[in-house]
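The next block holds one structure in the form of structure tokens; read it before the comments.
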Amino acid sequence: MIAVHDLTVRYPGQACHALSNMALEAQPGERVLLAGATGCGKSTLGLALCGAIPEIVPARRTGAIRICNRSIDGRPVRDMARDVGFLMQNVANQIFSDRVDEEVAFGLENFGTPAQAMEDRIQQALELVDGCHLRGRLIDTLSAGERQRVALAALLAVDPQVLVLDEPLAFLDSNAAGRLLWTLERLSRSQKTVLVFEHRRDMLRPAVDREVSMAAGYAIQAPPPALVFSPIVRGTSGDPALVFDSVDFAWPGRAQNLLRGISFAVRRGESVVLLGDNGSGKTTILALAMGLLRPKNGRIQNCGLAARKNPPGRLAEKAALLFQNPDHQLHLPRVGDEVRLASAKPEPARQALSSMGLADLADRHPRSLSMGQKRRLTLAAALCRQPELMLLDEPSVGQDDRSLASILEQLGNYIQAGGALLTATHDRRVADALSHRCLVIKHGQLHEAGKPHCSLE
Amino acid sequence: MFLTRVEAAKTPVHRLHPFVKMGVGFGFTAYALVMIDPRSLALLLSFFLLTLIVARISWSIKQWASAIVFLGVLTGLNFWASSDPSHAAAYSLRLAVFITGIPVLAATTAPQEMSRALSRLPLPPGLVVAVVLVWRFFPMMAAEVREMRQAALLRGRQGRSRQNAFFRGFVVPMAFCMVEYSDRVALTLELRGFSPRAARSCYNPPTIGLNDGLYIGLAAITAAMAALLQWGAGP
Amino acid sequence: MKPKAYWQTREYVFAAMVSAALLVVASVIIPFTLPLRIPGLTNAVTGLFSAFFIVIGLVRLRRPGSLLLITGIYALICLMISPVIFGFVITGGLVGEIVCSTIFRGYRGNIAPVCGAVLYEMGMFPAAMAISFFFLPERYGAIAPWVFLVAELAIFATAVTGGLLGLKVARELARAGKLNLEG
């Protein structure tokens with residue numbers, strides 16, 4: 001079904017090849033996991049298979065790619081879309097309609113499928129992903145996992161023989177991830193070839209037939225051993241840096257409270273992890289802590305300041321919040337400027353960049369970095385300020401094992417130095433490594449979860 | 001109000017053909033521009049208000065109060081300028097017709113509905129899909145602006161002027177947001193088989209039905225009655 | 001073989017995103033400026049930001065017809081809100097497009113994009129006033145002509161400022177690898 005030989009891709013202005021003599025074969029119904037560090041070429045391979053390189057994405061491509069026994073050379077991307085469905089990491093950019101059935105029909109409309117023939121195709125596609133019950137729903141009301149299912153159904157409606165899934169676990173909680181694995185099994189039974197690009201091999205290994213490891217643009221024989229992240233050591237326990245006392249919160253215009261009776265504290269020298277399904281309120285708690293949102297009831301104390309009575313800028317003098325999307329926290333024209341602004345002296349700024357592997361990128365524009373690099377940059381800038389409290393929202397998204405290890409090391413140093421850390425995540429490895437205590441949000445309420453393995457159960 | 005998402009096609013107004021709503025809205029708006037009798041304008045306004053009631057589009061008490069105060073002040077100012085109560089009332093009623101005419105289409109027509117209606121016209125597919133994209137991604141860009149605001153609040157001005165902080169904190173990130181969305185969406189659109197040269201079919205094309213005929217009929221009757229009040233009073 | 005379409009998918013999408021940015025700007029600014037009922041105030045304030053985004057759009061798209069593509073999509077969106085707004089948006093777009101396509105044959109370089117954005121903003125205001133005067137001659141006839149001149153000058157000033165800022169940010173976008181300024 002897929003045959004790739006000597007595939008080489010180089011982006012303009014780049015010294016190294018993004019893919020170098022890559023070879024890959026996959027049979028009908030086979031599920032292949034392509035794992036590798038960020039920047040190893042997974043997404044590039046996916047784009048090359050879809051024909052997007054060089055037609056849409058400017059890059060030089062050599063080598064042979066055959067899909068369904070046809071060479072892709074000279075085939076327009078539109079034509080390729082009939083054979084290869086590409087599911088992006090962030091499905092929000094792949095959804096064009098308001099409603100589930102309209103979204104599934106969108107691809108069929110692009111190919112001029114007669115309206116009478118669309119109903120059956122929509123139904124079949126939704127059945128494949130167990131999404132029939134979602135029919136007629138507004139997409140904005142769906143969870144991340146449900147949206148991903150709809151996006152997958154939308155690709156399947158066109159009946160491609162090959163599916164490429166790019167980091168499908170990135171925004172999914174454990175329930176949704178489990179459902180995705182089930183869907184992969186189903187797709188395989190319908191003889192579709194599925195390629196999954198993911199660096200979370202641990203989760204996907206049971207659900208695939210074969211694993212191919214990638215490094216620096218080519219396939220390697222043996223996967224590197226999985227990194228085990230050591231739990232960070234507690235620092236000297238101090239006063240609470242963050243206190244939530246009987247906090248209720250509801251979004252404006254909504255009668256029902258999202259959060260009820262939330263009470264907890266994070267002490268200096270302590271790292272607390274906040275777990276919960278998507279939409280449970282983890283990010284909301286972080287925003288409440290920084291005064292970006294107002295609670296209905298209750299008291300929030302942030303580094304000795306009442307969150308209700310102090311503007312966010314004042315709270316941010318002693319505490320740092322890192323958004324899940326780092327883009328909006330980077331506002332200067334150079335990487336180095338972001339960190340220098342945070343630190344009065346040049347040396348701490350240089351060290352912070354080095355510790356995050358960003359020293360060589362000091363003169364680059366922050367928006368030209370990868371998502372993982374941007375996240376590390378915001379962390380470097382925050383650590384430079386030596387805040388008393390740090391709030392992290394999904395710090396592991398876009399990070400490979402090595403980058404994540406260096407982040408965890410820096411956070412460990414921060415805790416040892418007396419900082420307080422609250423991390424919202426659904427990445428189990430991060431939760432295990434960072435938690436001195438685990439808090440789980442379920443149905444709007446907070447529960448303390450047991451160690452050593454934090455879980456949502 | 002026109003920027004909020006349209007909910008399910010739960011009322012007959014939602015199910016009307018977008019061009020019918022647009023035609024009636026435009027027609028009444030143009031009609032209102034030539035009316036000077038407050039009674040005629042009040043009739044046109046009542047038609048729109050009734051349509052909104054049937055569509056279950058509701059305004060909060062605060063919104064009603066703001067609208068009434070605004071129109072009241074406007075009427076007072078016009079009366080003070082012209083010393084003609086009829087003229088002052090007509091001016092405010094005309095403005096009220098313009099304002100209420102907007103949500104009749106915008107709040108009861110999903111962007112997809114509009115694009116499906118547009119796809120029946122001889123417009124390039126790219127243009128029709130572009131309209132879909134604007135409505136689809138406008139809320140996402142607005143959400144990004146909210147996040148930019150949050151980031152700016154956390155950052156403070158950091159010794160810069162207000163204008164500089166605004167420029168670097170909002171304007172530049174918005175430009176980046178616009179370009180990055182464009183690159184991502186263009187890629188995914190092509191990967192979904194879209195081509196500006198290829199004709200697209202339509203899953204659920206809007207059709208003109210009995211409800212539309214009824215709506216047009218009622219609008220025509222209202223317009224005739226307004227005309228009667230305006231010009232038919234006789235010497 | 002089918003002839004290549006004049007606009008490719010990425011160009012339609014980019015024009016759509018510029019329109020979405022214009023919509024965001026309008027939705028934030030108009031509720032504050034419109035109730036003040038000062039002729040040209042809304043246009044002057046939105047002109048600053050609209051010209052900014054339009055210049056970035058034109059710098060990327062470059063070809064003749066780019067301004068009309070962007071403003072045409074925006075006008076179609078405005079059609080859902082008010083046909084009157086549709087009218088003057090499309091008028092402004094036509095004014096800018098005709099002048100720039102005739103004189104500059106597109107939007108390459110620095111002058112043409114700023115010119116296009118400024119002409120669009122300046123073209124919308126007289127169109128809006130003409131429509132308003134046609135239907136409300138008493139109100140708009142009572143306003144002294146110099147008020148319109150001042151308004152148009154204000155729109156010119158803000159649009160030029162916005163356009164120049166747009167060029168500056170376009171260079172930053174190019175530095176970040178998001179925009180290609182060559183060719």
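FYI, nothing fancy with the structure tokens labels: chains A, B, ... in order, residues from 1 per chain, ligands from 1 as they appear.
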
Proximal residues of chain B relative to chain A (only C-alpha atoms; 7 Å) as a ChimeraX atom specification:
/B:112,133,136,147-148,150-151,153-156,168-169,173,184-185,187-188,190-195,199-203

Which chain C residues are at most 6 Å from chain B (counting only C-alpha atoms), as a ChimeraX atom specification?
/C:10,13-14,16-17,20,80-81,135

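Pairwise distance (CA of Gly36 (chain A), CA of Ala3 (chain A)) equals 19.9 Å.
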
Which chain C residues are at most 8 Å from chain A (counting only C-alpha atoms), as a list of chain:residue names?
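Applying the cut-off to the listed atoms yields C:Glu172, C:Arg175, C:Ala176, C:Gly177, C:Lys178.
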
Quick one: DSSP alpha helix (DSSP H) residues in chain C, as an NGL selection string?
:C and (9-33 or 41-61 or 66-81 or 83-103 or 111-135 or 137-141 or 145-175)

Surrounding residues of Arg268 (chain A) excluding itself and chain neighbours under 5 positions, 6 Å, only C-alpha atoms, as a ChimeraX atom specification:
/A:237-239,241,418-420

Take the residues that were just selected and, keeping N, CA and C atoms, output them as a short mmCIF file (atom, residue, chain, number, x, y, z; two decimals), in the first residue's frame.
data_model
loop_
_atom_site.label_atom_id
_atom_site.label_comp_id
_atom_site.auth_asym_id
_atom_site.auth_seq_id
_atom_site.Cartn_x
_atom_site.Cartn_y
_atom_site.Cartn_z
N SER A 237 10.17 22.58 52.85
CA SER A 237 8.76 23.00 52.83
C SER A 237 8.59 24.36 53.50
N GLY A 238 7.87 25.23 52.86
CA GLY A 238 7.69 26.57 53.40
C GLY A 238 6.23 26.93 53.49
N ASP A 239 6.00 28.24 53.56
CA ASP A 239 4.62 28.73 53.65
C ASP A 239 3.89 28.46 52.34
N ALA A 241 2.35 29.19 49.00
CA ALA A 241 2.50 30.26 48.00
C ALA A 241 1.16 30.51 47.30
N GLY A 418 13.32 26.46 46.53
CA GLY A 418 12.23 27.00 47.35
C GLY A 418 11.03 27.49 46.57
N GLY A 419 10.99 27.23 45.27
CA GLY A 419 9.83 27.66 44.49
C GLY A 419 8.64 26.74 44.73
N ALA A 420 7.47 27.24 44.37
CA ALA A 420 6.25 26.43 44.46
C ALA A 420 5.75 26.22 43.04
#

With only C-alpha atoms as the atoms that count, which of A:Gln161, A:Gln301, A:Ser230, A:Ser355 lies nearest to Gln410 (chain A)?
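Ranking A:Gln161, A:Gln301, A:Ser230, A:Ser355 by distance to Gln410 (chain A), first place goes to A:Ser355.
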
How far is it from CA of Phe104 (chain C) to CA of Phe52 (chain C), in Å with one decimal?
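Going from CA of Phe104 (chain C) over to CA of Phe52 (chain C), I get 19.5 Å.
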
Kindly indicate which residue among A:Leu134, A:Leu19, A:Ala144, A:Leu163 lies nearest to Arg31 (chain A), using only C-alpha atoms for the distances.
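Looking only at the distances to Arg31 (chain A), the closest residue turns out to be A:Leu163.
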
Residues within 12 Å of Ala159 (chain C), only C-alpha atoms, excluding chain neighbours under 5 positions, as a PyMOL selection string
chain C and resi 43-55+113-123+152-154+164-166

Output file for the selection above: N, CA, C and O atoms, as a CSV table (one decimal), in the first residue's frame:
chain,number,residue,atom,x,y,z
C,43,ASN,N,-14.5,55.4,10.7
C,43,ASN,CA,-13.6,55.1,9.6
C,43,ASN,C,-12.2,55.4,9.9
C,43,ASN,O,-11.3,54.7,9.6
C,44,ALA,N,-12.0,56.6,10.6
C,44,ALA,CA,-10.6,57.0,11.0
C,44,ALA,C,-10.0,56.0,11.9
C,44,ALA,O,-8.8,55.6,11.8
C,45,VAL,N,-10.8,55.6,12.9
C,45,VAL,CA,-10.2,54.7,13.9
C,45,VAL,C,-10.0,53.3,13.4
C,45,VAL,O,-8.9,52.7,13.5
C,46,THR,N,-11.0,52.7,12.7
C,46,THR,CA,-10.8,51.4,12.1
C,46,THR,C,-9.8,51.4,11.0
C,46,THR,O,-9.1,50.5,10.7
C,47,GLY,N,-9.7,52.6,10.3
C,47,GLY,CA,-8.7,52.7,9.2
C,47,GLY,C,-7.3,52.5,9.6
C,47,GLY,O,-6.5,51.9,8.9
C,48,LEU,N,-7.0,52.9,10.9
C,48,LEU,CA,-5.6,52.7,11.4
C,48,LEU,C,-5.3,51.2,11.4
C,48,LEU,O,-4.2,50.7,10.9
C,49,PHE,N,-6.2,50.4,11.9
C,49,PHE,CA,-6.0,48.9,12.0
C,49,PHE,C,-6.2,48.2,10.7
C,49,PHE,O,-5.5,47.3,10.3
C,50,SER,N,-7.3,48.6,10.0
C,50,SER,CA,-7.7,47.9,8.8
C,50,SER,C,-6.5,48.1,7.7
C,50,SER,O,-6.2,47.1,7.1
C,51,ALA,N,-6.0,49.3,7.6
C,51,ALA,CA,-4.9,49.5,6.7
C,51,ALA,C,-3.7,48.7,7.0
C,51,ALA,O,-3.0,48.2,6.2
C,52,PHE,N,-3.5,48.5,8.3
C,52,PHE,CA,-2.4,47.7,8.8
C,52,PHE,C,-2.5,46.3,8.2
C,52,PHE,O,-1.6,45.7,7.6
C,53,PHE,N,-3.7,45.7,8.4
C,53,PHE,CA,-3.8,44.3,8.0
C,53,PHE,C,-3.9,44.2,6.5
C,53,PHE,O,-3.4,43.2,5.9
C,54,ILE,N,-4.5,45.1,5.9
C,54,ILE,CA,-4.7,45.1,4.4
C,54,ILE,C,-3.3,45.2,3.7
C,54,ILE,O,-3.0,44.5,2.8
C,55,VAL,N,-2.4,46.0,4.3
C,55,VAL,CA,-1.1,46.2,3.7
C,55,VAL,C,-0.3,44.8,3.8
C,55,VAL,O,0.3,44.4,2.8
C,113,PRO,N,1.1,48.8,-1.9
C,113,PRO,CA,0.2,48.3,-0.9
C,113,PRO,C,-0.3,49.4,0.0
C,113,PRO,O,-1.5,49.3,0.4
C,114,VAL,N,0.5,50.3,0.4
C,114,VAL,CA,0.0,51.4,1.3
C,114,VAL,C,-1.0,52.3,0.5
C,114,VAL,O,-2.1,52.6,1.1
C,115,CYS,N,-0.7,52.5,-0.7
C,115,CYS,CA,-1.6,53.3,-1.6
C,115,CYS,C,-3.0,52.6,-1.7
C,115,CYS,O,-4.0,53.2,-1.5
C,116,GLY,N,-2.9,51.3,-1.9
C,116,GLY,CA,-4.2,50.5,-2.0
C,116,GLY,C,-5.0,50.6,-0.7
C,116,GLY,O,-6.2,50.8,-0.8
C,117,ALA,N,-4.3,50.4,0.4
C,117,ALA,CA,-5.0,50.4,1.7
C,117,ALA,C,-5.6,51.8,2.0
C,117,ALA,O,-6.8,51.9,2.4
C,118,VAL,N,-4.8,52.8,1.7
C,118,VAL,CA,-5.3,54.2,2.0
C,118,VAL,C,-6.5,54.5,1.1
C,118,VAL,O,-7.5,55.1,1.5
C,119,LEU,N,-6.4,54.2,-0.2
C,119,LEU,CA,-7.5,54.5,-1.1
C,119,LEU,C,-8.8,53.7,-0.8
C,119,LEU,O,-9.9,54.2,-0.9
C,120,TYR,N,-8.6,52.5,-0.3
C,120,TYR,CA,-9.8,51.7,0.2
C,120,TYR,C,-10.5,52.4,1.3
C,120,TYR,O,-11.7,52.7,1.3
C,121,GLU,N,-9.7,52.8,2.3
C,121,GLU,CA,-10.3,53.5,3.5
C,121,GLU,C,-10.9,54.8,3.1
C,121,GLU,O,-12.0,55.2,3.5
C,122,MET,N,-10.2,55.6,2.2
C,122,MET,CA,-10.7,56.9,1.8
C,122,MET,C,-11.9,56.7,0.9
C,122,MET,O,-12.8,57.6,0.9
C,123,GLY,N,-11.9,55.7,0.1
C,123,GLY,CA,-13.0,55.5,-0.8
C,123,GLY,C,-14.3,55.1,-0.1
C,123,GLY,O,-15.4,55.4,-0.6
C,152,GLU,N,-12.1,63.1,6.0
C,152,GLU,CA,-11.3,62.4,5.0
C,152,GLU,C,-9.8,62.6,5.3
C,152,GLU,O,-9.1,61.6,5.1
C,153,LEU,N,-9.4,63.8,5.7
C,153,LEU,CA,-8.0,64.0,6.0
C,153,LEU,C,-7.6,63.1,7.2
C,153,LEU,O,-6.5,62.5,7.2
C,154,ALA,N,-8.5,63.0,8.2
C,154,ALA,CA,-8.2,62.1,9.4
C,154,ALA,C,-8.1,60.7,8.9
C,154,ALA,O,-7.2,60.0,9.4
C,164,LEU,N,1.9,52.1,7.0
C,164,LEU,CA,3.4,52.1,7.3
C,164,LEU,C,3.7,51.1,8.4
C,164,LEU,O,4.7,50.4,8.3
C,165,LEU,N,2.9,51.0,9.4
C,165,LEU,CA,3.1,50.0,10.4
C,165,LEU,C,3.0,48.6,9.9
C,165,LEU,O,3.7,47.7,10.3
C,166,GLY,N,2.0,48.5,8.9
C,166,GLY,CA,1.9,47.2,8.3
C,166,GLY,C,3.1,46.8,7.5
C,166,GLY,O,3.5,45.6,7.6

With a distance cut-off of 10 Å and only C-alpha atoms, select the neighbouring residues of Met203 (chain A), excluding the residue or stretch itself and same-chain residues fewer than 3 positions from it, and output the selection as a list in words.
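Residues near the query, excluding close chain neighbours: Leu169, Ser174, Ala177, Gly178, Leu181, Glu198, His199, Arg200, Pro206 and Ala207 of chain A.
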
So which residues touch Leu50 (chain B) within 12 Å, counting only C-alpha atoms, skipping near sequence neighbours fewer than 3 positions away, as an mmCIF file with C-alpha atoms, in the first residue's frame?
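Ended up saving to selection-v3.cif:
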data_model
loop_
_atom_site.group_PDB
_atom_site.id
_atom_site.type_symbol
_atom_site.label_atom_id
_atom_site.label_comp_id
_atom_site.auth_asym_id
_atom_site.auth_seq_id
_atom_site.Cartn_x
_atom_site.Cartn_y
_atom_site.Cartn_z
ATOM 1 C CA VAL B 13 -37.279 31.703 11.002
ATOM 2 C CA ALA B 42 -43.316 51.527 13.709
ATOM 3 C CA LEU B 43 -45.075 48.906 11.569
ATOM 4 C CA LEU B 44 -41.835 47.894 9.881
ATOM 5 C CA LEU B 45 -40.133 47.745 13.256
ATOM 6 C CA SER B 46 -42.944 45.586 14.644
ATOM 7 C CA PHE B 47 -42.488 43.126 11.783
ATOM 8 C CA ILE B 53 -39.738 36.819 18.857
ATOM 9 C CA VAL B 54 -40.700 33.874 16.621
ATOM 10 C CA ALA B 55 -36.978 33.135 16.212
ATOM 11 C CA ARG B 56 -36.667 33.193 20.009
ATOM 12 C CA ILE B 57 -33.902 35.728 19.835
ATOM 13 C CA SER B 58 -34.067 37.447 23.159
ATOM 14 C CA THR B 100 -33.295 45.190 14.452
ATOM 15 C CA GLY B 101 -32.980 44.208 10.807
ATOM 16 C CA VAL B 104 -32.965 38.818 11.614
ATOM 17 C CA TYR B 215 -42.756 35.093 5.179
ATOM 18 C CA LEU B 218 -46.425 38.694 5.385
ATOM 19 C CA ALA B 219 -43.600 41.098 4.606
ATOM 20 C CA THR B 222 -46.690 44.799 6.131
#

As a PDB file with C-alpha atoms, in the first residue's frame, please: the residues near Leu68 (chain C) (cut-off 10 Å, only C-alpha atoms, same-chain neighbours under 6 positions excluded).
ATOM      1  CA  ALA C  15      -7.512  36.842   1.961  1.00  0.00           C
ATOM      2  CA  TYR C  74     -15.099  41.146   3.660  1.00  0.00           C
ATOM      3  CA  ALA C  75     -18.006  42.722   1.787  1.00  0.00           C
ATOM      4  CA  VAL C  89     -16.944  48.315   1.460  1.00  0.00           C
ATOM      5  CA  ILE C  90     -17.111  47.130  -2.136  1.00  0.00           C
ATOM      6  CA  THR C  91     -16.967  50.718  -3.364  1.00  0.00           C
ATOM      7  CA  GLY C  92     -13.819  51.403  -1.357  1.00  0.00           C
ATOM      8  CA  GLY C  93     -12.297  48.184  -2.667  1.00  0.00           C
ATOM      9  CA  LEU C  94     -13.100  49.059  -6.263  1.00  0.00           C
ATOM     10  CA  VAL C  95     -11.648  52.551  -5.930  1.00  0.00           C
ATOM     11  CA  GLY C  96      -8.392  51.263  -4.506  1.00  0.00           C
ATOM     12  CA  GLU C  97      -8.152  48.365  -6.929  1.00  0.00           C
ATOM     13  CA  ILE C  98      -8.806  50.381 -10.065  1.00  0.00           C
ATOM     14  CA  GLY C 116      -4.180  50.524  -2.017  1.00  0.00           C
ATOM     15  CA  TYR C 120      -9.770  51.732   0.166  1.00  0.00           C
TER      16      TYR C 120
END

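When CA of Arg201 (chain A) is paired with CA of Leu49 (chain A), their separation reads 21.5 Å.
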